[in-house]
Amino acid sequence: MSGESGQPQAGPSHAGLDFPNPERNRAGVPGGVIRRAGSRGRRSWIQKVLEQITDSPLQWVTPSEVVPVAVLAVQRYLLEDEPRDTIPKPPLYCYDVTISDGVYQEKCYLDPSLNFLVYKNILKVGIEMKISRVSCLYNERRLGQGILCIDNVHCGETLEAISLETPFRNSAHEEVPERPLRGGKSHYLPLWNNEDPYGDIWLTNKQPEEHNFNNTKIISLSHLEMTWANRRNFPALLVRILHKSKLRYYGKPDKKMIEPYQTFLEVADSSGTVSVIMWNALCPEWYKSLRVGLVLLLQDYSVKKSYPFRMQPLPVDPQIKLISTMEICLNLRDPPTNIIIIPEKQVKPEWRLPKLNHRFITRSELDDMPKNHICDVIGILVFVGRVQRSKKKENREDFWSYRWIHIADGTSEQPFIVELFSTSQPEIFENIYPSSQSMTYFVCTQLKVVRNDTQVPKLLYLTTTNESRVFITVESLLTAISEVRKEIEDLQYREQKRIAIQGIITVIKYIPHTSATESDSASETLRNANQPSTSQAARRENQSQERDTNKRRQDDDPMSSQCFQTGYTSLSPTKKKRILQGPYAKLVPMPQPETSAQTKGQESASTSTAGKAKRTIGDRWESQLWREKKFGLIDHLHYSHVYPESIPRKFIFEKRKFLTEQFNSQPAKYTPPEGRPQNLEDFKSALSLGHFEVTILGLNHEIAIDVAFLPMYCPEDLRTSQIDTLLTCMNYSCVYPQDEPGNDTLAGSRALASDIIKAASRLDRVHIVGILDICNLGNNKVEVYLHRIYSPTNNS
């Protein structure tokens with residue numbers, strides 16, 4: 001690359017060739033930093049090219065022998081303007097390319113005329129490359145130091161494997177932290193954007209440390225807001241991080257900034273929330289160690305008037321004051337800021353620091369969210385698109401990186417569609433994948449709603465903001481089954497909470513919506529739910545009696561087996577409709593109907609032992625594991641009862657006042673009823689299927705919980721029926737009987753229930769994650785519903 005006049009500065013950031021004095025050493029081995037190839041191995045092509053350059057008066061050579069080398073690294077950085085430049089140029093990004101010839105590695109400077117090979121991803125890591133012309137750029141301020149420059153190349157195919165064991169010819173290239181060959185910058189940038197932290201200058205080792213507050217004066221944010229303009233020194237701030245922005249790189253060729261970075265933290269104490277700006281070298285030191293939720297003690301900071309055009313994110317808690325008249329500045333100097341992470345165990349309640357809250361919404365709620373609404377979402381990743389790039393400004397080299405992802409939360413057939421831009425979290429952004437099998441939850445915060453209802457089809461998706469963060473978890477969202485009782489006891493009237501537990505489905509029982517069965521189930525469940533856990537001996541006796549009672553009930557119930565078996569199997573295919581499948585469920589073959597001989601046997605209502613065994617399978621399934629473990633439990637929680645106010649009812653306009661009162665909150669003042677007293681049980685249920693009692697056994701086989709599952713189905717309009725999530729997560733396909741004249745709906749419903757119970761047996765001993773909705777209805781009435789289950793073994 002003849003004609004390159006810029007000279008690199010001396011220092012550790014410009015490790016180069018360290019060329020020898022050719023008069024003293026024709027072999028080209030300069031002092032102690034250059035390694036010599038072993039005499040027995042093959043000779044290094046890199047070494048031979050360096051010797052040619054040393055002998056050439058032109059400062060460039062065409063190698064006498066062109067052999068393939070492997071590309072190990074392509075690294076980007078911003079090159080500063082040279083001192084003689086008077087007109088600022090747009091950002092000029094340079095590239096250092098590390099090559100290996102099988103004997104040595106060498107870091108080389110890529111001539112800017114070849115940058116297009118990187119732009120087009122032709123020159124990339126892992127390929128074979130032939131270099132047909134090289135030059136050198138000397139540092140005139142240091143004796144013998146120069147940089148090997150690549151002037152002309154031919155890029156080949158991707159290699160199957162490249163050895164990383166070959167050493168650098170110049171040991172200076174192995175120094176840590178890694179520095180660019182040219183310019184005054186101390187670090188490399190990520191290859192494809194400027195938002196991600198890249199390289200070994202980004203530290204992650206900042207840990208919480210206990211602090212003695214005896215001699216520390218603390219000032220509140222609201223007090224600081226009122227007095228900062230008249231202060232020269234500022235007391236310490238004790239705050240919690242509520243939001244953390246992505247990195248902003250503001251480097252320019254004409255700016256002599258070593259590490260030109262900026263990030264915003266939104267922090268709060270009991271008196272308000274304010275923006276904190278972290279500048280320059282503090283960002284590589286602290287950015288990756290500061291997480292949302294941490295408590296910080298900030299000392300030796302500066303305060304300035306806030307930038308008028310920046311929009312602060314709104315606090316989740318509307319009671320927290322938004323302070324927008326000032327900003328807190330943290331810098332490595334002027335003054336040098338002191339940052340301390342306070343351990344959570346040292347945080348005192350009297351500090352009244354705000355808790356970390358979220359604005360989680362479900363997919364079913366998104367349709368009603370206004371444009372630009374800020375929200376958080378959580379769910380399972382079901383689609384991950386490829387990374388794409390878009391220019392920030394035309395005719396510039398700066399790009400945004402983004403990808404499209406779909407997140408399902410089970411509340412809608414449609415997933416969240418998210419335009420996920422880089423959030424300065426490359427360790428997550430570059431390592432996400434559909435997670436239905438690994439059961440990992442994906443969390444996105446501070447997303448903005450993008451919608452256009454006039455467009456056809458309607459446009460609706462979410463996009464990231466400057467403060468968006470992404471997280472991958474399972475376990476922090478799971479509640480131990482031993483903690484479920486406390487979660488339930490902490491609920492207040494009409495408070496509802498969703499939790500996730502791990503366990504094994506061991507019992508599933510169908511409860512039809514008939515008054516006799518409903519009353520019988522209610523009385524039994526109420527007795528169990530309102531009693532504290534009994535001793536193991538007493539429980540064995542109660543469960544033994546319960547087992548005998550259930551057996552008698554199944555034998556005596558004329559609807560338990562033959563009616564719904566024959567009623568379901570006798571329906572013609574034209575009178576059956578397939579259940580709406582979940583958006584990610586798989587279709588499996590339909591269960592085969594009973595043989596004619598079996599059907600006839602059932603129709604005869606035989607009372608033989610075989611007949612009884614056959615019938616008892618119909619509305620109850622119990623696993624062998626449950627038979628082995630149920631008498632040794634240390635706790636069994638009974639919350640499978642469905643109270644009348646939780647059953648959807650057919651609306652009757654004339655009774656609207658009574659129905660409205662039943663589903664509103666309890667009034668503050670008593671109002672006499674109109675007419676004769678009414679009961680909810682007098683109104684027809686909108687459910688045609690009844691419900692299920694499901695027993696989930698903890699993974700340690702010590703605690704079990706009974707919960708209810710209500711499949712929602714509207715026979716008048718199958719298209720608006722809610723997805724039967726239990727079937728969906730079992731990957732099981734069933735049909736619903738049509739509600740037609742002369743059709744035995746109850747029989748068909750129980751036949752469907754039988755199929756669901758048969759499907760449940762597929763989950764025998766399978767570890768599942770159950771999403772439970774718990775609600776306190778008041779007056780010691782608590783319900784726990786199974787909202788959805790996930791099993792790593794069946795892709796749901």
# chains A, B, ... in the order shown; residues from 1 in each chain; ligands from 1
$ residues_around --residues "Ile488 (chain A)" --least-positions-apart "2" --cutoff "8 Å" --atoms "only C-alpha atoms" --output "list in words"
Val484, Arg485, Lys486, Asp490, Leu491, Ile774, Cys775, Asn776 and Val782 of chain A
$ residues_around --residues "region 505-509 of chain A" --least-positions-apart "6" --cutoff "8 Å" --atoms "only C-alpha atoms" --output "NGL selection string"
:A and (619-623 or 625-626 or 692-697 or 757 or 760 or 763-766 or 768)
$ write_last_selection --atoms "N, CA, C and O atoms" --output "PDB file, in the first residue's frame"
ATOM      1  N   ASP A 619     -64.094 -41.920  33.589  1.00  0.00           N
ATOM      2  CA  ASP A 619     -64.031 -40.542  34.053  1.00  0.00           C
ATOM      3  C   ASP A 619     -62.953 -40.320  35.094  1.00  0.00           C
ATOM      4  O   ASP A 619     -62.966 -39.314  35.787  1.00  0.00           O
ATOM      5  N   ARG A 620     -62.015 -41.196  35.213  1.00  0.00           N
ATOM      6  CA  ARG A 620     -60.918 -41.022  36.173  1.00  0.00           C
ATOM      7  C   ARG A 620     -59.720 -41.833  35.714  1.00  0.00           C
ATOM      8  O   ARG A 620     -59.858 -42.960  35.247  1.00  0.00           O
ATOM      9  N   TRP A 621     -58.546 -41.202  35.828  1.00  0.00           N
ATOM     10  CA  TRP A 621     -57.309 -41.935  35.569  1.00  0.00           C
ATOM     11  C   TRP A 621     -56.353 -41.683  36.728  1.00  0.00           C
ATOM     12  O   TRP A 621     -56.243 -40.562  37.229  1.00  0.00           O
ATOM     13  N   GLU A 622     -55.703 -42.716  37.157  1.00  0.00           N
ATOM     14  CA  GLU A 622     -54.767 -42.630  38.265  1.00  0.00           C
ATOM     15  C   GLU A 622     -53.506 -43.392  37.881  1.00  0.00           C
ATOM     16  O   GLU A 622     -53.562 -44.536  37.437  1.00  0.00           O
ATOM     17  N   SER A 623     -52.347 -42.745  38.046  1.00  0.00           N
ATOM     18  CA  SER A 623     -51.100 -43.376  37.634  1.00  0.00           C
ATOM     19  C   SER A 623     -50.612 -44.361  38.692  1.00  0.00           C
ATOM     20  O   SER A 623     -50.980 -44.281  39.867  1.00  0.00           O
ATOM     21  N   LEU A 625     -47.646 -44.407  39.752  1.00  0.00           N
ATOM     22  CA  LEU A 625     -46.806 -43.634  40.658  1.00  0.00           C
ATOM     23  C   LEU A 625     -47.633 -43.085  41.821  1.00  0.00           C
ATOM     24  O   LEU A 625     -47.174 -43.066  42.967  1.00  0.00           O
ATOM     25  N   TRP A 626     -48.849 -42.622  41.530  1.00  0.00           N
ATOM     26  CA  TRP A 626     -49.700 -42.087  42.592  1.00  0.00           C
ATOM     27  C   TRP A 626     -50.074 -43.183  43.593  1.00  0.00           C
ATOM     28  O   TRP A 626     -50.115 -42.952  44.795  1.00  0.00           O
ATOM     29  N   PHE A 692     -62.398 -30.618  35.195  1.00  0.00           N
ATOM     30  CA  PHE A 692     -61.534 -31.719  35.589  1.00  0.00           C
ATOM     31  C   PHE A 692     -60.832 -31.379  36.894  1.00  0.00           C
ATOM     32  O   PHE A 692     -60.473 -30.220  37.127  1.00  0.00           O
ATOM     33  N   GLU A 693     -60.651 -32.376  37.724  1.00  0.00           N
ATOM     34  CA  GLU A 693     -59.795 -32.256  38.899  1.00  0.00           C
ATOM     35  C   GLU A 693     -58.478 -32.940  38.577  1.00  0.00           C
ATOM     36  O   GLU A 693     -58.449 -34.117  38.209  1.00  0.00           O
ATOM     37  N   VAL A 694     -57.399 -32.186  38.686  1.00  0.00           N
ATOM     38  CA  VAL A 694     -56.069 -32.676  38.305  1.00  0.00           C
ATOM     39  C   VAL A 694     -55.178 -32.665  39.538  1.00  0.00           C
ATOM     40  O   VAL A 694     -55.114 -31.656  40.255  1.00  0.00           O
ATOM     41  N   THR A 695     -54.510 -33.768  39.789  1.00  0.00           N
ATOM     42  CA  THR A 695     -53.559 -33.852  40.900  1.00  0.00           C
ATOM     43  C   THR A 695     -52.148 -33.808  40.338  1.00  0.00           C
ATOM     44  O   THR A 695     -51.785 -34.602  39.469  1.00  0.00           O
ATOM     45  N   ILE A 696     -51.357 -32.853  40.840  1.00  0.00           N
ATOM     46  CA  ILE A 696     -49.958 -32.698  40.427  1.00  0.00           C
ATOM     47  C   ILE A 696     -49.078 -33.061  41.612  1.00  0.00           C
ATOM     48  O   ILE A 696     -49.199 -32.480  42.694  1.00  0.00           O
ATOM     49  N   LEU A 697     -48.205 -34.027  41.400  1.00  0.00           N
ATOM     50  CA  LEU A 697     -47.275 -34.488  42.431  1.00  0.00           C
ATOM     51  C   LEU A 697     -45.945 -33.771  42.251  1.00  0.00           C
ATOM     52  O   LEU A 697     -45.427 -33.671  41.135  1.00  0.00           O
ATOM     53  N   ILE A 757     -59.058 -37.909  29.335  1.00  0.00           N
ATOM     54  CA  ILE A 757     -58.439 -38.672  30.416  1.00  0.00           C
ATOM     55  C   ILE A 757     -57.498 -39.728  29.860  1.00  0.00           C
ATOM     56  O   ILE A 757     -56.411 -39.973  30.389  1.00  0.00           O
ATOM     57  N   ALA A 760     -54.380 -38.066  29.034  1.00  0.00           N
ATOM     58  CA  ALA A 760     -53.573 -37.720  30.201  1.00  0.00           C
ATOM     59  C   ALA A 760     -52.630 -38.836  30.589  1.00  0.00           C
ATOM     60  O   ALA A 760     -51.549 -38.597  31.139  1.00  0.00           O
ATOM     61  N   LEU A 763     -48.948 -38.713  29.901  1.00  0.00           N
ATOM     62  CA  LEU A 763     -48.042 -37.918  30.723  1.00  0.00           C
ATOM     63  C   LEU A 763     -47.600 -38.650  31.980  1.00  0.00           C
ATOM     64  O   LEU A 763     -47.055 -38.045  32.893  1.00  0.00           O
ATOM     65  N   ASP A 764     -47.823 -39.945  32.031  1.00  0.00           N
ATOM     66  CA  ASP A 764     -47.423 -40.717  33.200  1.00  0.00           C
ATOM     67  C   ASP A 764     -45.915 -40.607  33.410  1.00  0.00           C
ATOM     68  O   ASP A 764     -45.131 -40.914  32.513  1.00  0.00           O
ATOM     69  N   ARG A 765     -45.527 -40.110  34.597  1.00  0.00           N
ATOM     70  CA  ARG A 765     -44.129 -39.933  35.012  1.00  0.00           C
ATOM     71  C   ARG A 765     -43.373 -38.887  34.183  1.00  0.00           C
ATOM     72  O   ARG A 765     -42.149 -38.797  34.257  1.00  0.00           O
ATOM     73  N   VAL A 766     -44.072 -38.091  33.393  1.00  0.00           N
ATOM     74  CA  VAL A 766     -43.430 -37.030  32.616  1.00  0.00           C
ATOM     75  C   VAL A 766     -43.359 -35.765  33.461  1.00  0.00           C
ATOM     76  O   VAL A 766     -44.348 -35.337  34.045  1.00  0.00           O
ATOM     77  N   ILE A 768     -43.546 -32.025  34.062  1.00  0.00           N
ATOM     78  CA  ILE A 768     -44.204 -30.911  33.371  1.00  0.00           C
ATOM     79  C   ILE A 768     -44.022 -29.639  34.172  1.00  0.00           C
ATOM     80  O   ILE A 768     -43.680 -29.664  35.355  1.00  0.00           O
TER      81      ILE A 768
END
$ closest_residue --among "A:Pro415, A:Pro63, A:Pro190, A:Pro284" --to "Leu462 (chain A)" --atoms "only C-alpha atoms"
A:Pro415
$ closest_residue --among "A:Arg333, A:Arg182, A:His691, A:Lys371" --to "Ser640 (chain A)" --atoms "only C-alpha atoms"
A:His691
$ select_by_dssp --residues "region 90-163 of chain A" --states "strand (DSSP E)" --output "number ranges by chain"
A: 93-100, 105-110, 127-138, 146-158
$ atom_distance --atom1 "CA of Glu160 (chain A)" --atom2 "CA of Arg389 (chain A)"
27.6 Å
$ select_by_dssp --residues "region 152-226 of chain A" --states "helix (DSSP H, G or I)" --output "list of chain:residue names"
A:Ser171, A:Ala172, A:His173, A:Glu174, A:Phe213, A:Asn214, A:Asn215, A:Leu221, A:Ser222, A:His223, A:Leu224, A:Glu225, A:Met226
$ write_last_selection --atoms "all heavy atoms" --output "mmCIF file, in the first residue's frame"
data_model
loop_
_atom_site.group_PDB
_atom_site.id
_atom_site.type_symbol
_atom_site.label_atom_id
_atom_site.label_comp_id
_atom_site.auth_asym_id
_atom_site.auth_seq_id
_atom_site.Cartn_x
_atom_site.Cartn_y
_atom_site.Cartn_z
ATOM 1 N N SER A 171 5.028 -11.694 19.417
ATOM 2 C CA SER A 171 4.370 -11.932 20.697
ATOM 3 C C SER A 171 3.592 -10.718 21.185
ATOM 4 O O SER A 171 2.700 -10.849 22.028
ATOM 5 C CB SER A 171 5.405 -12.336 21.753
ATOM 6 O OG SER A 171 6.375 -11.307 21.919
ATOM 7 N N ALA A 172 3.879 -9.519 20.648
ATOM 8 C CA ALA A 172 3.133 -8.320 21.047
ATOM 9 C C ALA A 172 1.667 -8.415 20.646
ATOM 10 O O ALA A 172 0.809 -7.773 21.254
ATOM 11 C CB ALA A 172 3.774 -7.072 20.432
ATOM 12 N N HIS A 173 1.357 -9.215 19.623
ATOM 13 C CA HIS A 173 -0.027 -9.376 19.187
ATOM 14 C C HIS A 173 -0.849 -10.204 20.169
ATOM 15 O O HIS A 173 -2.079 -10.269 20.046
ATOM 16 C CB HIS A 173 -0.074 -10.036 17.804
ATOM 17 C CG HIS A 173 0.458 -9.157 16.722
ATOM 18 N ND1 HIS A 173 0.693 -9.611 15.427
ATOM 19 C CD2 HIS A 173 0.828 -7.848 16.717
ATOM 20 C CE1 HIS A 173 1.172 -8.622 14.689
ATOM 21 N NE2 HIS A 173 1.269 -7.549 15.459
ATOM 22 N N GLU A 174 -0.196 -10.822 21.118
ATOM 23 C CA GLU A 174 -0.899 -11.623 22.113
ATOM 24 C C GLU A 174 -1.169 -10.857 23.401
ATOM 25 O O GLU A 174 -1.744 -11.400 24.341
ATOM 26 C CB GLU A 174 -0.083 -12.887 22.442
ATOM 27 C CG GLU A 174 0.099 -13.825 21.264
ATOM 28 C CD GLU A 174 0.980 -15.016 21.597
ATOM 29 O OE1 GLU A 174 2.101 -14.791 22.098
ATOM 30 O OE2 GLU A 174 0.550 -16.157 21.377
ATOM 31 N N PHE A 213 -22.200 2.552 56.679
ATOM 32 C CA PHE A 213 -22.878 3.822 56.434
ATOM 33 C C PHE A 213 -22.765 4.810 57.601
ATOM 34 O O PHE A 213 -23.361 5.876 57.544
ATOM 35 C CB PHE A 213 -24.369 3.569 56.147
ATOM 36 C CG PHE A 213 -24.626 2.971 54.788
ATOM 37 C CD1 PHE A 213 -24.655 1.597 54.614
ATOM 38 C CD2 PHE A 213 -24.825 3.775 53.685
ATOM 39 C CE1 PHE A 213 -24.895 1.042 53.371
ATOM 40 C CE2 PHE A 213 -25.065 3.237 52.439
ATOM 41 C CZ PHE A 213 -25.101 1.860 52.275
ATOM 42 N N ASN A 214 -21.994 4.464 58.618
ATOM 43 C CA ASN A 214 -21.932 5.325 59.803
ATOM 44 C C ASN A 214 -21.438 6.726 59.478
ATOM 45 O O ASN A 214 -21.921 7.717 60.029
ATOM 46 C CB ASN A 214 -21.044 4.690 60.873
ATOM 47 C CG ASN A 214 -21.672 3.432 61.462
ATOM 48 O OD1 ASN A 214 -22.884 3.260 61.398
ATOM 49 N ND2 ASN A 214 -20.851 2.546 62.000
ATOM 50 N N ASN A 215 -20.466 6.813 58.581
ATOM 51 C CA ASN A 215 -19.887 8.118 58.265
ATOM 52 C C ASN A 215 -20.263 8.592 56.863
ATOM 53 O O ASN A 215 -19.585 9.445 56.286
ATOM 54 C CB ASN A 215 -18.358 8.047 58.384
ATOM 55 C CG ASN A 215 -17.907 7.705 59.795
ATOM 56 O OD1 ASN A 215 -18.471 8.214 60.776
ATOM 57 N ND2 ASN A 215 -16.901 6.841 59.912
ATOM 58 N N LEU A 221 -33.066 12.245 46.317
ATOM 59 C CA LEU A 221 -33.086 12.834 44.980
ATOM 60 C C LEU A 221 -33.940 14.100 44.947
ATOM 61 O O LEU A 221 -33.594 15.075 44.275
ATOM 62 C CB LEU A 221 -33.609 11.807 43.974
ATOM 63 C CG LEU A 221 -32.682 10.623 43.685
ATOM 64 C CD1 LEU A 221 -33.361 9.619 42.761
ATOM 65 C CD2 LEU A 221 -31.377 11.092 43.054
ATOM 66 N N SER A 222 -35.065 14.089 45.656
ATOM 67 C CA SER A 222 -35.919 15.282 45.647
ATOM 68 C C SER A 222 -35.231 16.467 46.318
ATOM 69 O O SER A 222 -35.369 17.616 45.867
ATOM 70 C CB SER A 222 -37.253 14.976 46.332
ATOM 71 O OG SER A 222 -37.039 14.581 47.681
ATOM 72 N N HIS A 223 -34.481 16.215 47.401
ATOM 73 C CA HIS A 223 -33.743 17.289 48.066
ATOM 74 C C HIS A 223 -32.607 17.789 47.185
ATOM 75 O O HIS A 223 -32.335 19.002 47.110
ATOM 76 C CB HIS A 223 -33.206 16.794 49.409
ATOM 77 C CG HIS A 223 -32.652 17.888 50.273
ATOM 78 N ND1 HIS A 223 -31.810 17.648 51.335
ATOM 79 C CD2 HIS A 223 -32.794 19.247 50.227
ATOM 80 C CE1 HIS A 223 -31.474 18.802 51.891
ATOM 81 N NE2 HIS A 223 -32.067 19.778 51.242
ATOM 82 N N LEU A 224 -31.947 16.864 46.506
ATOM 83 C CA LEU A 224 -30.872 17.262 45.597
ATOM 84 C C LEU A 224 -31.422 18.120 44.465
ATOM 85 O O LEU A 224 -30.782 19.099 44.039
ATOM 86 C CB LEU A 224 -30.186 16.016 45.038
ATOM 87 C CG LEU A 224 -29.016 16.257 44.072
ATOM 88 C CD1 LEU A 224 -27.861 16.964 44.790
ATOM 89 C CD2 LEU A 224 -28.530 14.951 43.458
ATOM 90 N N GLU A 225 -32.611 17.785 43.970
ATOM 91 C CA GLU A 225 -33.221 18.565 42.888
ATOM 92 C C GLU A 225 -33.423 20.024 43.309
ATOM 93 O O GLU A 225 -33.221 20.948 42.508
ATOM 94 C CB GLU A 225 -34.548 17.935 42.485
ATOM 95 C CG GLU A 225 -35.249 18.699 41.364
ATOM 96 C CD GLU A 225 -36.670 18.221 41.130
ATOM 97 O OE1 GLU A 225 -37.273 17.669 42.075
ATOM 98 O OE2 GLU A 225 -37.183 18.420 40.025
ATOM 99 N N MET A 226 -33.784 20.229 44.554
ATOM 100 C CA MET A 226 -34.062 21.587 45.027
ATOM 101 C C MET A 226 -32.799 22.378 45.353
ATOM 102 O O MET A 226 -32.823 23.610 45.344
ATOM 103 C CB MET A 226 -34.955 21.525 46.275
ATOM 104 C CG MET A 226 -36.348 20.976 46.002
ATOM 105 S SD MET A 226 -37.414 21.041 47.456
ATOM 106 C CE MET A 226 -36.609 19.831 48.519
#
$ closest_residue --among "A:Glu783, A:Asp101, A:Glu702, A:Asp376" --to "Pro644 (chain A)" --atoms "only C-alpha atoms"
A:Glu783
$ closest_residue --among "A:Trp286, A:Tyr261, A:Trp351, A:Trp45" --to "Ala70 (chain A)" --atoms "only C-alpha atoms"
A:Trp45
$ residues_around --residues "Cys444 (chain A)" --least-positions-apart "6" --cutoff "12 Å" --atoms "only C-alpha atoms" --output "ChimeraX atom specification"
/A:358-361,374-381,405-407,416-421,423,428-429,462-465,467-473
